[in-house]
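**Q** Structure supplied as model.cif; contents: mmCIF, C-alpha atoms and all ligand atoms.
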data_run
loop_
_atom_site.group_PDB
_atom_site.id
_atom_site.type_symbol
_atom_site.label_atom_id
_atom_site.label_comp_id
_atom_site.auth_asym_id
_atom_site.auth_seq_id
_atom_site.Cartn_x
_atom_site.Cartn_y
_atom_site.Cartn_z
ATOM 1 C CA MET A 77 -24.067 -38.276 12.841
ATOM 2 C CA PRO A 78 -23.844 -39.022 9.087
ATOM 3 C CA ASP A 79 -23.115 -42.633 8.216
ATOM 4 C CA ILE A 80 -22.839 -42.509 4.433
ATOM 5 C CA VAL A 81 -19.451 -44.129 3.782
ATOM 6 C CA VAL A 82 -20.311 -47.577 5.088
ATOM 7 C CA PRO A 83 -21.379 -49.881 2.217
ATOM 8 C CA LEU A 84 -24.728 -51.609 2.310
ATOM 9 C CA GLU A 85 -24.652 -55.204 3.466
ATOM 10 C CA ASP A 86 -26.566 -56.504 0.453
ATOM 11 C CA GLU A 87 -26.640 -55.865 -3.271
ATOM 12 C CA LEU A 88 -29.527 -56.497 -5.647
ATOM 13 C CA GLY A 89 -28.440 -60.111 -6.206
ATOM 14 C CA ASP A 90 -28.528 -60.879 -2.481
ATOM 15 C CA VAL A 91 -31.979 -59.351 -2.062
ATOM 16 C CA LEU A 92 -33.392 -61.271 -5.026
ATOM 17 C CA GLU A 93 -31.911 -64.545 -3.796
ATOM 18 C CA LYS A 94 -33.393 -64.051 -0.300
ATOM 19 C CA ALA A 95 -36.778 -62.986 -1.651
ATOM 20 C CA ILE A 96 -37.053 -65.900 -4.097
ATOM 21 C CA ARG A 97 -36.093 -68.366 -1.370
ATOM 22 C CA GLY A 98 -38.693 -66.793 0.936
ATOM 23 C CA CYS A 99 -41.435 -67.257 -1.683
ATOM 24 C CA LYS A 100 -40.509 -70.913 -2.130
ATOM 25 C CA LEU A 101 -40.548 -70.447 -5.892
ATOM 26 C CA SER A 102 -37.937 -71.631 -8.346
ATOM 27 C CA VAL A 103 -35.908 -69.075 -10.287
ATOM 28 C CA ASP A 104 -37.559 -70.439 -13.445
ATOM 29 C CA ASP A 105 -41.027 -69.853 -11.992
ATOM 30 C CA VAL A 106 -40.191 -66.315 -10.887
ATOM 31 C CA ALA A 107 -38.739 -65.418 -14.286
ATOM 32 C CA ARG A 108 -41.785 -66.812 -16.069
ATOM 33 C CA GLU A 109 -44.309 -65.095 -13.772
ATOM 34 C CA ALA A 110 -42.430 -61.780 -14.049
ATOM 35 C CA GLY A 111 -42.180 -62.094 -17.835
ATOM 36 C CA ILE A 112 -38.378 -61.782 -17.993
ATOM 37 C CA SER A 113 -35.790 -64.168 -19.324
ATOM 38 C CA ARG A 114 -34.342 -66.806 -16.999
ATOM 39 C CA ASP A 115 -30.811 -65.828 -18.028
ATOM 40 C CA LYS A 116 -31.383 -62.166 -17.261
ATOM 41 C CA LEU A 117 -32.718 -62.996 -13.803
ATOM 42 C CA GLY A 118 -29.814 -65.382 -13.232
ATOM 43 C CA ASP A 119 -27.348 -62.661 -14.189
ATOM 44 C CA ALA A 120 -29.003 -60.223 -11.761
ATOM 45 C CA MET A 121 -28.715 -62.781 -8.961
ATOM 46 C CA ASP A 122 -25.078 -63.180 -9.933
ATOM 47 C CA TYR A 123 -24.374 -59.439 -9.497
ATOM 48 C CA ARG A 124 -24.478 -58.647 -13.239
ATOM 49 C CA SER A 125 -27.869 -57.021 -13.459
ATOM 50 C CA GLU A 126 -29.149 -55.503 -16.664
ATOM 51 C CA LEU A 127 -32.738 -55.478 -15.467
ATOM 52 C CA THR A 128 -34.704 -52.343 -16.225
ATOM 53 C CA CYS A 129 -36.836 -50.651 -13.591
ATOM 54 C CA ALA A 130 -39.948 -51.890 -15.425
ATOM 55 C CA GLU A 131 -38.650 -55.458 -15.165
ATOM 56 C CA LEU A 132 -37.749 -54.951 -11.522
ATOM 57 C CA GLU A 133 -41.278 -53.725 -10.831
ATOM 58 C CA CYS A 134 -42.662 -56.942 -12.335
ATOM 59 C CA LEU A 135 -40.206 -58.992 -10.267
ATOM 60 C CA ALA A 136 -41.106 -57.056 -7.103
ATOM 61 C CA LYS A 137 -44.776 -57.973 -7.541
ATOM 62 C CA VAL A 138 -43.980 -61.674 -7.970
ATOM 63 C CA VAL A 139 -41.675 -61.968 -4.948
ATOM 64 C CA HIS A 140 -43.469 -59.365 -2.774
ATOM 65 C CA LEU A 141 -40.748 -56.741 -2.564
ATOM 66 C CA ASN A 142 -40.932 -52.960 -2.293
ATOM 67 C CA GLU A 143 -40.378 -51.875 -5.908
ATOM 68 C CA VAL A 144 -39.084 -48.388 -5.024
ATOM 69 C CA GLY A 145 -36.383 -49.716 -2.745
ATOM 70 C CA LEU A 146 -35.551 -52.533 -5.162
ATOM 71 C CA CYS A 147 -35.064 -50.155 -8.112
ATOM 72 C CA ALA A 148 -32.964 -47.792 -5.985
ATOM 73 C CA LEU A 149 -30.788 -50.698 -4.902
ATOM 74 C CA ALA A 150 -30.381 -51.876 -8.524
ATOM 75 C CA GLN A 151 -29.200 -48.415 -9.546
ATOM 76 C CA GLY A 152 -26.729 -48.214 -6.654
ATOM 77 C CA LYS A 153 -28.811 -45.369 -5.242
ATOM 78 C CA TYR A 154 -30.423 -46.862 -2.184
ATOM 79 C CA PRO A 155 -30.914 -43.772 0.001
ATOM 80 C CA LEU A 156 -29.599 -43.573 3.526
ATOM 81 C CA PRO A 157 -31.188 -41.208 6.017
ATOM 82 C CA ASP A 158 -29.655 -38.477 8.086
ATOM 83 C CA ILE A 159 -29.269 -40.075 11.472
ATOM 84 C CA PRO A 160 -30.961 -37.974 14.144
ATOM 85 C CA GLY A 161 -28.879 -36.854 17.101
ATOM 86 C CA LEU A 162 -29.235 -39.036 20.154
ATOM 87 C CA PRO A 163 -29.116 -37.951 23.789
ATOM 88 C CA PHE A 164 -26.437 -40.599 24.412
ATOM 89 C CA SER A 165 -23.409 -42.072 22.678
ATOM 90 C CA LEU A 166 -23.829 -44.884 20.126
ATOM 91 C CA GLU A 167 -20.498 -46.258 18.979
ATOM 92 C CA CYS A 168 -20.331 -48.818 16.185
ATOM 93 C CA LEU A 169 -17.418 -51.265 16.261
ATOM 94 C CA ARG A 170 -17.095 -52.556 12.688
ATOM 95 C CA MET A 171 -14.996 -55.714 12.638
ATOM 96 C CA PRO A 172 -13.861 -57.616 9.544
ATOM 97 C CA HIS A 173 -15.016 -61.235 9.481
ATOM 98 C CA GLY A 174 -14.386 -63.438 6.471
ATOM 99 C CA VAL A 175 -15.332 -61.453 3.386
ATOM 100 C CA GLY A 176 -17.669 -59.207 5.361
ATOM 101 C CA VAL A 177 -17.874 -56.931 8.364
ATOM 102 C CA ALA A 178 -19.813 -57.538 11.578
ATOM 103 C CA ASN A 179 -20.991 -54.724 13.821
ATOM 104 C CA ALA A 180 -21.070 -54.568 17.612
ATOM 105 C CA TYR A 181 -22.300 -51.480 19.478
ATOM 106 C CA LEU A 182 -21.357 -49.627 22.640
ATOM 107 C CA ILE A 183 -23.963 -47.379 24.191
ATOM 108 C CA SER A 184 -22.956 -44.994 26.963
ATOM 109 C CA VAL A 185 -23.558 -41.604 28.487
ATOM 110 C CA PRO A 186 -21.019 -39.147 27.025
ATOM 111 C CA GLY A 187 -18.170 -38.514 29.447
ATOM 112 C CA GLU A 188 -18.772 -41.683 31.439
ATOM 113 C CA SER A 189 -16.343 -44.595 31.421
ATOM 114 C CA SER A 190 -18.858 -47.434 31.419
ATOM 115 C CA GLY A 191 -21.428 -48.607 28.915
ATOM 116 C CA LEU A 192 -23.544 -51.378 27.492
ATOM 117 C CA LEU A 193 -22.196 -53.711 24.811
ATOM 118 C CA PHE A 194 -24.456 -55.251 22.169
ATOM 119 C CA ASP A 195 -22.853 -58.287 20.521
ATOM 120 C CA THR A 196 -19.177 -59.064 20.902
ATOM 121 C CA GLY A 197 -17.907 -59.466 17.342
ATOM 122 C CA PRO A 198 -15.946 -62.377 15.886
ATOM 123 C CA SER A 199 -13.260 -62.382 18.605
ATOM 124 C CA PHE A 200 -11.996 -60.479 21.602
ATOM 125 C CA THR A 201 -8.919 -59.488 19.589
ATOM 126 C CA ALA A 202 -11.115 -57.921 16.912
ATOM 127 C CA LEU A 203 -13.177 -56.159 19.555
ATOM 128 C CA GLN A 204 -10.074 -54.828 21.326
ATOM 129 C CA SER A 205 -8.671 -53.385 18.120
ATOM 130 C CA HIS A 206 -11.798 -51.223 17.765
ATOM 131 C CA TRP A 207 -12.379 -50.523 21.457
ATOM 132 C CA PRO A 208 -12.588 -46.840 22.476
ATOM 133 C CA LYS A 209 -9.965 -45.876 25.064
ATOM 134 C CA ASN A 210 -12.420 -44.016 27.271
ATOM 135 C CA LEU A 211 -14.636 -47.052 27.927
ATOM 136 C CA LYS A 212 -13.152 -48.954 30.902
ATOM 137 C CA LYS A 213 -16.147 -50.862 32.171
ATOM 138 C CA VAL A 214 -18.958 -52.895 30.615
ATOM 139 C CA GLU A 215 -22.105 -52.905 32.728
ATOM 140 C CA ALA A 216 -23.929 -55.487 30.645
ATOM 141 C CA VAL A 217 -23.592 -57.478 27.429
ATOM 142 C CA PHE A 218 -26.606 -58.250 25.249
ATOM 143 C CA LEU A 219 -26.396 -60.761 22.407
ATOM 144 C CA THR A 220 -28.668 -60.674 19.366
ATOM 145 C CA HIS A 221 -27.759 -64.224 18.360
ATOM 146 C CA LEU A 222 -25.028 -66.777 18.837
ATOM 147 C CA GLU A 223 -23.339 -66.860 15.428
ATOM 148 C CA ALA A 224 -19.558 -66.678 15.598
ATOM 149 C CA GLU A 225 -19.322 -63.278 13.906
ATOM 150 C CA HIS A 226 -21.578 -61.713 16.577
ATOM 151 C CA ALA A 227 -20.731 -63.612 19.747
ATOM 152 C CA GLY A 228 -17.164 -64.860 19.231
ATOM 153 C CA GLY A 229 -15.596 -62.649 21.890
ATOM 154 C CA LEU A 230 -18.208 -63.236 24.586
ATOM 155 C CA CYS A 231 -16.302 -65.275 27.166
ATOM 156 C CA ASP A 232 -13.171 -63.126 26.962
ATOM 157 C CA VAL A 233 -15.174 -59.903 27.233
ATOM 158 C CA VAL A 234 -16.932 -61.195 30.330
ATOM 159 C CA ASP A 235 -13.613 -62.276 31.893
ATOM 160 C CA CYS A 236 -11.643 -59.176 30.950
ATOM 161 C CA PHE A 237 -14.204 -56.605 32.047
ATOM 162 C CA GLY A 238 -15.776 -58.628 34.856
ATOM 163 C CA VAL A 239 -19.149 -57.974 33.250
ATOM 164 C CA PRO A 240 -21.841 -58.361 35.943
ATOM 165 C CA SER A 241 -24.771 -59.018 33.590
ATOM 166 C CA VAL A 242 -24.950 -60.983 30.348
ATOM 167 C CA TYR A 243 -28.253 -61.373 28.514
ATOM 168 C CA VAL A 244 -28.777 -63.881 25.718
ATOM 169 C CA PRO A 245 -31.691 -65.022 23.563
ATOM 170 C CA GLN A 246 -34.013 -67.639 25.006
ATOM 171 C CA GLY A 247 -33.142 -71.067 23.601
ATOM 172 C CA SER A 248 -29.614 -70.193 22.521
ATOM 173 C CA GLN A 249 -26.648 -72.336 23.506
ATOM 174 C CA ALA A 250 -24.670 -69.496 25.079
ATOM 175 C CA PRO A 251 -21.749 -70.454 27.345
ATOM 176 C CA CYS A 252 -22.989 -67.979 29.960
ATOM 177 C CA GLY A 253 -25.714 -65.443 30.545
ATOM 178 C CA GLU A 254 -29.346 -65.073 31.485
ATOM 179 C CA ALA A 255 -31.942 -66.031 28.881
ATOM 180 C CA LEU A 256 -34.477 -63.323 28.132
ATOM 181 C CA ASP A 257 -38.152 -63.546 27.269
ATOM 182 C CA ASP A 258 -39.952 -61.560 24.621
ATOM 183 C CA GLY A 259 -40.880 -58.152 26.070
ATOM 184 C CA ASP A 260 -38.478 -58.274 29.018
ATOM 185 C CA ALA A 261 -37.463 -54.740 30.005
ATOM 186 C CA MET A 262 -34.401 -53.999 32.127
ATOM 187 C CA HIS A 263 -32.859 -50.944 33.706
ATOM 188 C CA CYS A 264 -29.082 -51.000 33.138
ATOM 189 C CA GLY A 265 -27.238 -47.985 34.478
ATOM 190 C CA ASP A 266 -28.782 -44.955 32.806
ATOM 191 C CA PHE A 267 -30.643 -46.991 30.187
ATOM 192 C CA GLU A 268 -33.787 -48.984 29.674
ATOM 193 C CA VAL A 269 -33.420 -51.990 27.380
ATOM 194 C CA THR A 270 -36.397 -53.922 26.031
ATOM 195 C CA ALA A 271 -35.883 -57.345 24.453
ATOM 196 C CA TYR A 272 -37.869 -58.756 21.536
ATOM 197 C CA SER A 273 -37.709 -62.340 20.404
ATOM 198 C CA THR A 274 -37.307 -62.251 16.616
ATOM 199 C CA PRO A 275 -36.565 -65.748 15.268
ATOM 200 C CA GLY A 276 -36.235 -66.303 11.542
ATOM 201 C CA HIS A 277 -32.589 -65.720 10.655
ATOM 202 C CA CYS A 278 -31.899 -68.347 13.324
ATOM 203 C CA SER A 279 -34.116 -70.024 15.901
ATOM 204 C CA SER A 280 -32.933 -67.801 18.788
ATOM 205 C CA HIS A 281 -32.550 -64.197 17.712
ATOM 206 C CA TYR A 282 -33.333 -61.022 19.664
ATOM 207 C CA CYS A 283 -33.563 -57.304 18.941
ATOM 208 C CA TYR A 284 -33.169 -54.652 21.625
ATOM 209 C CA ARG A 285 -34.726 -51.228 22.005
ATOM 210 C CA VAL A 286 -32.552 -48.884 24.039
ATOM 211 C CA CYS A 287 -33.410 -45.472 25.450
ATOM 212 C CA LEU A 288 -32.226 -43.255 28.270
ATOM 213 C CA LEU A 289 -34.040 -43.635 31.561
ATOM 214 C CA ASN A 290 -35.704 -40.329 32.403
ATOM 215 C CA GLY A 291 -34.385 -38.835 29.169
ATOM 216 C CA SER A 292 -35.191 -35.146 28.918
ATOM 217 C CA ASN A 293 -35.319 -35.293 25.116
ATOM 218 C CA GLY A 294 -38.264 -37.632 24.803
ATOM 219 C CA ARG A 295 -37.857 -41.316 24.051
ATOM 220 C CA ARG A 296 -35.315 -41.067 21.271
ATOM 221 C CA GLU A 297 -34.008 -44.549 21.004
ATOM 222 C CA VAL A 298 -31.918 -47.135 19.199
ATOM 223 C CA LEU A 299 -33.024 -50.473 17.825
ATOM 224 C CA ILE A 300 -30.207 -53.013 17.923
ATOM 225 C CA SER A 301 -31.492 -55.177 15.098
ATOM 226 C CA GLY A 302 -28.850 -57.901 14.734
ATOM 227 C CA ASP A 303 -29.511 -59.844 11.535
ATOM 228 C CA LEU A 304 -33.254 -59.134 11.427
ATOM 229 C CA ILE A 305 -33.081 -55.959 9.355
ATOM 230 C CA PHE A 306 -30.303 -54.062 7.571
ATOM 231 C CA ALA A 307 -30.314 -50.751 5.756
ATOM 232 C CA GLY A 308 -31.752 -51.775 2.386
ATOM 233 C CA SER A 309 -32.162 -55.457 3.159
ATOM 234 C CA ALA A 310 -32.837 -58.106 5.794
ATOM 235 C CA GLY A 311 -31.055 -61.122 7.184
ATOM 236 C CA GLY A 312 -31.550 -64.427 5.437
ATOM 237 C CA GLY A 313 -34.405 -66.490 6.859
ATOM 238 C CA TYR A 314 -32.218 -69.541 7.363
ATOM 239 C CA PHE A 315 -34.361 -70.858 10.229
ATOM 240 C CA CYS A 316 -37.735 -69.724 8.839
ATOM 241 C CA CYS A 317 -38.370 -67.142 6.102
ATOM 242 C CA GLN A 318 -41.979 -66.624 7.185
ATOM 243 C CA GLN A 319 -41.020 -65.907 10.813
ATOM 244 C CA GLN A 320 -38.214 -63.631 9.651
ATOM 245 C CA GLN A 321 -40.641 -61.585 7.564
ATOM 246 C CA LYS A 322 -43.314 -61.517 10.267
ATOM 247 C CA ASN A 323 -40.839 -60.314 12.890
ATOM 248 C CA LEU A 324 -39.366 -57.713 10.570
ATOM 249 C CA GLN A 325 -42.850 -56.221 10.076
ATOM 250 C CA ARG A 326 -43.636 -56.460 13.788
ATOM 251 C CA ILE A 327 -40.489 -54.699 14.954
ATOM 252 C CA LEU A 328 -40.816 -51.898 12.410
ATOM 253 C CA ALA A 329 -44.429 -51.442 13.530
ATOM 254 C CA VAL A 330 -43.721 -51.254 17.275
ATOM 255 C CA CYS A 331 -40.690 -48.948 17.097
ATOM 256 C CA PRO A 332 -41.092 -45.208 16.599
ATOM 257 C CA GLU A 333 -40.339 -43.591 13.242
ATOM 258 C CA GLN A 334 -37.279 -41.764 14.579
ATOM 259 C CA ALA A 335 -35.640 -44.800 16.184
ATOM 260 C CA VAL A 336 -32.124 -45.382 14.872
ATOM 261 C CA ILE A 337 -31.580 -48.884 13.495
ATOM 262 C CA ALA A 338 -28.176 -50.282 14.449
ATOM 263 C CA PRO A 339 -27.845 -53.514 12.430
ATOM 264 C CA GLY A 340 -25.444 -56.430 12.700
ATOM 265 C CA HIS A 341 -24.038 -55.548 9.253
ATOM 266 C CA GLY A 342 -23.868 -52.414 7.133
ATOM 267 C CA PRO A 343 -24.698 -48.792 7.940
ATOM 268 C CA LEU A 344 -27.139 -47.238 10.373
ATOM 269 C CA SER A 345 -30.644 -46.336 9.260
ATOM 270 C CA THR A 346 -33.941 -45.333 10.873
ATOM 271 C CA VAL A 347 -37.230 -47.132 11.347
ATOM 272 C CA GLY A 348 -39.124 -44.557 9.308
ATOM 273 C CA HIS A 349 -36.669 -44.784 6.439
ATOM 274 C CA GLU A 350 -36.733 -48.577 6.239
ATOM 275 C CA ARG A 351 -40.536 -48.577 6.443
ATOM 276 C CA ARG A 352 -40.522 -46.520 3.251
ATOM 277 C CA PHE A 353 -37.656 -47.996 1.242
ATOM 278 C CA ASN A 354 -36.554 -51.398 2.511
ATOM 279 C CA PRO A 355 -37.142 -53.945 -0.288
ATOM 280 C CA PHE A 356 -38.592 -56.419 2.216
ATOM 281 C CA VAL A 357 -41.237 -53.967 3.472
ATOM 282 C CA ASN A 358 -44.271 -53.464 1.263
HETATM 283 FE FE FE B 1 -24.522 -61.841 10.783
#
Is it possible to express this structure as structure tokens?
**A**
Amino acid sequence: MPDIVVPLEDELGDVLEKAIRGCKLSVDDVAREAGISRDKLGDAMDYRSELTCAELECLAKVVHLNEVGLCALAQGKYPLPDIPGLPFSLECLRMPHGVGVANAYLISVPGESSGLLFDTGPSFTALQSHWPKNLKKVEAVFLTHLEAEHAGGLCDVVDCFGVPSVYVPQGSQAPCGEALDDGDAMHCGDFEVTAYSTPGHCSSHYCYRVCLLNGSNGRREVLISGDLIFAGSAGGGYFCCQQQQKNLQRILAVCPEQAVIAPGHGPLSTVGHERRFNPFVN
């Protein structure tokens, strides 16, 4: 299941901007502490980086980033892992939204016509244009968070498919659905889904671990990570940078190495890979 043609969500400039904001330092302070010129750092944040790896290592120390991942990102060589085979189907629906792309995911047993939907994309029209023909029924919808690019199609999906179960983050202003608590585990069809409250990007944000019930191939699983973690980056801590970082570390610690990360933006990755390379993990 290679996933190498999908561009990363963030470039070096995005990662530096998020990291500097998270440290509550000014760009001037970071440049001075890292011993590089303010203009050079400004250029890097403006997607015109001429920073050397030695300079990036100094920057990484000041803003607490993983220097290996940061240098790889700066060189356009952030590695992506081979995605391990899963004992079920994971389909990514990549939908354009503004200047970016938002991901929703369908998880199902191969050959069956029903599945679980994680996030609903910017609109039902966008979702329909990427919808696989074989999937006729949605057993449950799970939302990571209520931003328009991830939950825009919710009401229409529920109406169109007659979805019996909708699960939303505790504290979110969803138009429908049952609010989950941290650690809630549910059996949905052939799957077990465990919810984790992961505020930081926004005040109500959840991740979901999904595995087959009674799977004969061990607990190979998927982490639906929303805007908590991306391949090579993390969501902006617009609600709270400290909580975002704490939850990122927590989720990577509790999930197994082989778990496939299915993020709200960008390509798939694995927990083990992001533990090693993600700039925000050190
Ligand atoms: Fe997003």
**Q** Could you tell me which residues the PyMOL selection byres (((chain A and resi 236) around 12) and not hetatm) returns for this structure, as an MDAnalysis selection string?
**A** chainID A and resid 200:201 203:204 212:214 229:235 237:240
**Q** Sorted by chain and rising residue number, which residues of chain A lie within 7 Å of ligand FE 1 (chain B), and what are their closest atom pairs and distances in Å to one decimal, counting all atoms listed in the file, as a Markdown table?
**A**
| residue | atom | partner | partner_atom | distance |
| --- | --- | --- | --- | --- |
| A:Ala178 | CA | B:FE1 | FE | 6.4 |
| A:Glu223 | CA | B:FE1 | FE | 6.9 |
| A:Glu225 | CA | B:FE1 | FE | 6.2 |
| A:His226 | CA | B:FE1 | FE | 6.5 |
| A:Asp303 | CA | B:FE1 | FE | 5.4 |
| A:Gly340 | CA | B:FE1 | FE | 5.8 |
| A:His341 | CA | B:FE1 | FE | 6.5 |
**Q** Give as a ChimeraX atom specification the residues that the PyMOL selection byres (((chain A and resi 82-87) around 8) and not hetatm) matches when applied to the coordinates above.
**A** /A:79-81,88-91,123,149-150,306-309,341-343
**Q** Could you spell out the hits of the PyMOL selection byres (((chain A and resi 358) around 7) and not hetatm) on the shown file, as a count of residues only?
**A** 4
**Q** Fewer than 5 positions away in the same chain doesn't count, so skip those; otherwise give me all residues within 10 Å of Leu304 (chain A), counting all atoms listed in the file, as a PDB file with C-alpha atoms, in the coordinates of the input.
**A**
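Saved to part-v9.pdb:
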ATOM      1  CA  THR A 220     -28.668 -60.674  19.366  1.00  0.00           C
ATOM      2  CA  THR A 274     -37.307 -62.251  16.616  1.00  0.00           C
ATOM      3  CA  PRO A 275     -36.565 -65.748  15.268  1.00  0.00           C
ATOM      4  CA  GLY A 276     -36.235 -66.303  11.542  1.00  0.00           C
ATOM      5  CA  HIS A 277     -32.589 -65.720  10.655  1.00  0.00           C
ATOM      6  CA  CYS A 278     -31.899 -68.347  13.324  1.00  0.00           C
ATOM      7  CA  HIS A 281     -32.550 -64.197  17.712  1.00  0.00           C
ATOM      8  CA  TYR A 282     -33.333 -61.022  19.664  1.00  0.00           C
ATOM      9  CA  CYS A 283     -33.563 -57.304  18.941  1.00  0.00           C
ATOM     10  CA  SER A 309     -32.162 -55.457   3.159  1.00  0.00           C
ATOM     11  CA  ALA A 310     -32.837 -58.106   5.794  1.00  0.00           C
ATOM     12  CA  GLY A 311     -31.055 -61.122   7.184  1.00  0.00           C
ATOM     13  CA  GLY A 312     -31.550 -64.427   5.437  1.00  0.00           C
ATOM     14  CA  GLY A 313     -34.405 -66.490   6.859  1.00  0.00           C
ATOM     15  CA  GLN A 320     -38.214 -63.631   9.651  1.00  0.00           C
ATOM     16  CA  GLN A 321     -40.641 -61.585   7.564  1.00  0.00           C
ATOM     17  CA  ASN A 323     -40.839 -60.314  12.890  1.00  0.00           C
ATOM     18  CA  LEU A 324     -39.366 -57.713  10.570  1.00  0.00           C
ATOM     19  CA  ILE A 327     -40.489 -54.699  14.954  1.00  0.00           C
ATOM     20  CA  PRO A 339     -27.845 -53.514  12.430  1.00  0.00           C
ATOM     21  CA  GLY A 340     -25.444 -56.430  12.700  1.00  0.00           C
TER      22      GLY A 340
END
**Q** Just the number, please: distance in Å from CA of Cys264 (chain A) to CA of Pro245 (chain A), one decimal.
**A**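 Computing the Euclidean distance for CA of Cys264 (chain A) and CA of Pro245 (chain A) yields 17.2 Å.
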**Q** Restricting the calculation to only C-alpha atoms: of A:Cys99, A:Ala335, A:Ala120, A:Leu192, which residue gets closest to Pro157 (chain A)?
**A**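 Among A:Cys99, A:Ala335, A:Ala120, A:Leu192, it is A:Ala335 that comes nearest to Pro157 (chain A).
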**Q** Box for region 312-321 of chain A: with edges along x, y and z, all listed atoms inside and 5 Å added on each side, what are the centre and edge lengths in Å to one decimal, as AutoDock Vina command-line options?
**A**
--center_x -36.8 --center_y -66.2 --center_z 8.1 --size_x 20.4 --size_y 19.3 --size_z 15.4
**Q** Got a sec: who's within 10 Å of Val138 (chain A), counting all atoms listed in the file, leaving out chain neighbours fewer than 6 positions off, as a PyMOL selection string?
**A** chain A and resi 95-96+99+101+105-110+132
**Q** To one decimal place, how far is CA of Gly253 (chain A) from CA of Ser280 (chain A) in Å?
**A** 14.0 Å
**Q** Could you jot down the CA of Ala250 (chain A) to CA of Gly228 (chain A) separation for me, Å, one decimal place?
**A**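 Between CA of Ala250 (chain A) and CA of Gly228 (chain A) the gap is 10.6 Å.
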**Q** Could you check which residues have any atom within 6 Å of (-41.6, -58.8, -14.6), counting all atoms listed in the file with coordinates taken straight from the file, and then list them as a VMD selection string?
**A** chain A and resid 110 to 112 131 134 to 135
**Q** Using only C-alpha atoms, which protein or nucleic acid residues come within 12 Å of Gly187 (chain A)? Drop anything in the same chain fewer than 5 positions from it, and give the result as a PDB file with C-alpha atoms, in the frame of the given file.
**A**
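File written: out.pdb
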ATOM      1  CA  PHE A 164     -26.437 -40.599  24.412  1.00  0.00           C
ATOM      2  CA  SER A 165     -23.409 -42.072  22.678  1.00  0.00           C
ATOM      3  CA  LYS A 209      -9.965 -45.876  25.064  1.00  0.00           C
ATOM      4  CA  ASN A 210     -12.420 -44.016  27.271  1.00  0.00           C
ATOM      5  CA  LEU A 211     -14.636 -47.052  27.927  1.00  0.00           C
ATOM      6  CA  LYS A 212     -13.152 -48.954  30.902  1.00  0.00           C
TER       7      LYS A 212
END
**Q** Select, from A:Ser113, A:Gln319, A:Asn179, A:Ser273, the residue with the minimum atom-to-atom distance to Glu167 (chain A), counting all atoms listed in the file.
**A**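 So, comparing all the options, the nearest one is A:Asn179.
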**Q** Name all residues at most 6 Å from Gly191 (chain A) (count all atoms listed in the file; drop same-chain ones fewer than 3 positions away) and give them as number ranges by chain.
**A** A: 183-184, 214-215
**Q** With distances taken over all atoms listed in the file, which residue among A:Ala329, A:Ala224, A:Cys317, A:Ala148 lies nearest Arg97 (chain A)?
**A** A:Cys317
**Q** Pick from A:Ala338, A:Val286, A:Leu169, A:Leu156: nearest to Ala202 (chain A), with only C-alpha atoms counted?
**A**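 With only C-alpha atoms as the atom set, the closest residue is A:Leu169.
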**Q** Pick out the closest residue to Leu166 (chain A) from this set: A:Leu146, A:Met121, A:Leu288, A:Ala130. Count all atoms listed in the file.
**A** A:Leu288
**Q** Considering only C-alpha atoms, state which residue in the set A:Gln249, A:Phe218, A:Val185, A:Val139 is at the smallest distance from Pro163 (chain A).
**A**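 Checking each of A:Gln249, A:Phe218, A:Val185, A:Val139 against Pro163 (chain A), counting only C-alpha atoms, the winner is A:Val185.
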**Q** Generate the missing atoms of region 129-138 of chain A up to N, CA and C atoms and report them as a short mmCIF file (atom, residue, chain, number, x, y, z; two decimals), in the frame of the given file.
**A**
data_model
loop_
_atom_site.label_atom_id
_atom_site.label_comp_id
_atom_site.auth_asym_id
_atom_site.auth_seq_id
_atom_site.Cartn_x
_atom_site.Cartn_y
_atom_site.Cartn_z
N CYS A 129 -35.93 -50.91 -14.72
CA CYS A 129 -36.84 -50.65 -13.59
C CYS A 129 -38.21 -51.26 -13.85
N ALA A 130 -38.65 -51.27 -15.11
CA ALA A 130 -39.95 -51.89 -15.42
C ALA A 130 -39.89 -53.39 -15.12
N GLU A 131 -38.79 -54.02 -15.46
CA GLU A 131 -38.65 -55.46 -15.16
C GLU A 131 -38.56 -55.70 -13.65
N LEU A 132 -37.86 -54.81 -12.98
CA LEU A 132 -37.75 -54.95 -11.52
C LEU A 132 -39.11 -54.78 -10.85
N GLU A 133 -39.93 -53.90 -11.39
CA GLU A 133 -41.28 -53.72 -10.83
C GLU A 133 -42.09 -55.01 -10.99
N CYS A 134 -41.97 -55.65 -12.14
CA CYS A 134 -42.66 -56.94 -12.34
C CYS A 134 -42.13 -57.99 -11.35
N LEU A 135 -40.81 -58.04 -11.21
CA LEU A 135 -40.21 -58.99 -10.27
C LEU A 135 -40.67 -58.72 -8.84
N ALA A 136 -40.71 -57.43 -8.47
CA ALA A 136 -41.11 -57.06 -7.10
C ALA A 136 -42.51 -57.57 -6.79
N LYS A 137 -43.40 -57.49 -7.77
CA LYS A 137 -44.78 -57.97 -7.54
C LYS A 137 -44.78 -59.49 -7.31
N VAL A 138 -43.97 -60.20 -8.08
CA VAL A 138 -43.98 -61.67 -7.97
C VAL A 138 -43.40 -62.14 -6.64
#
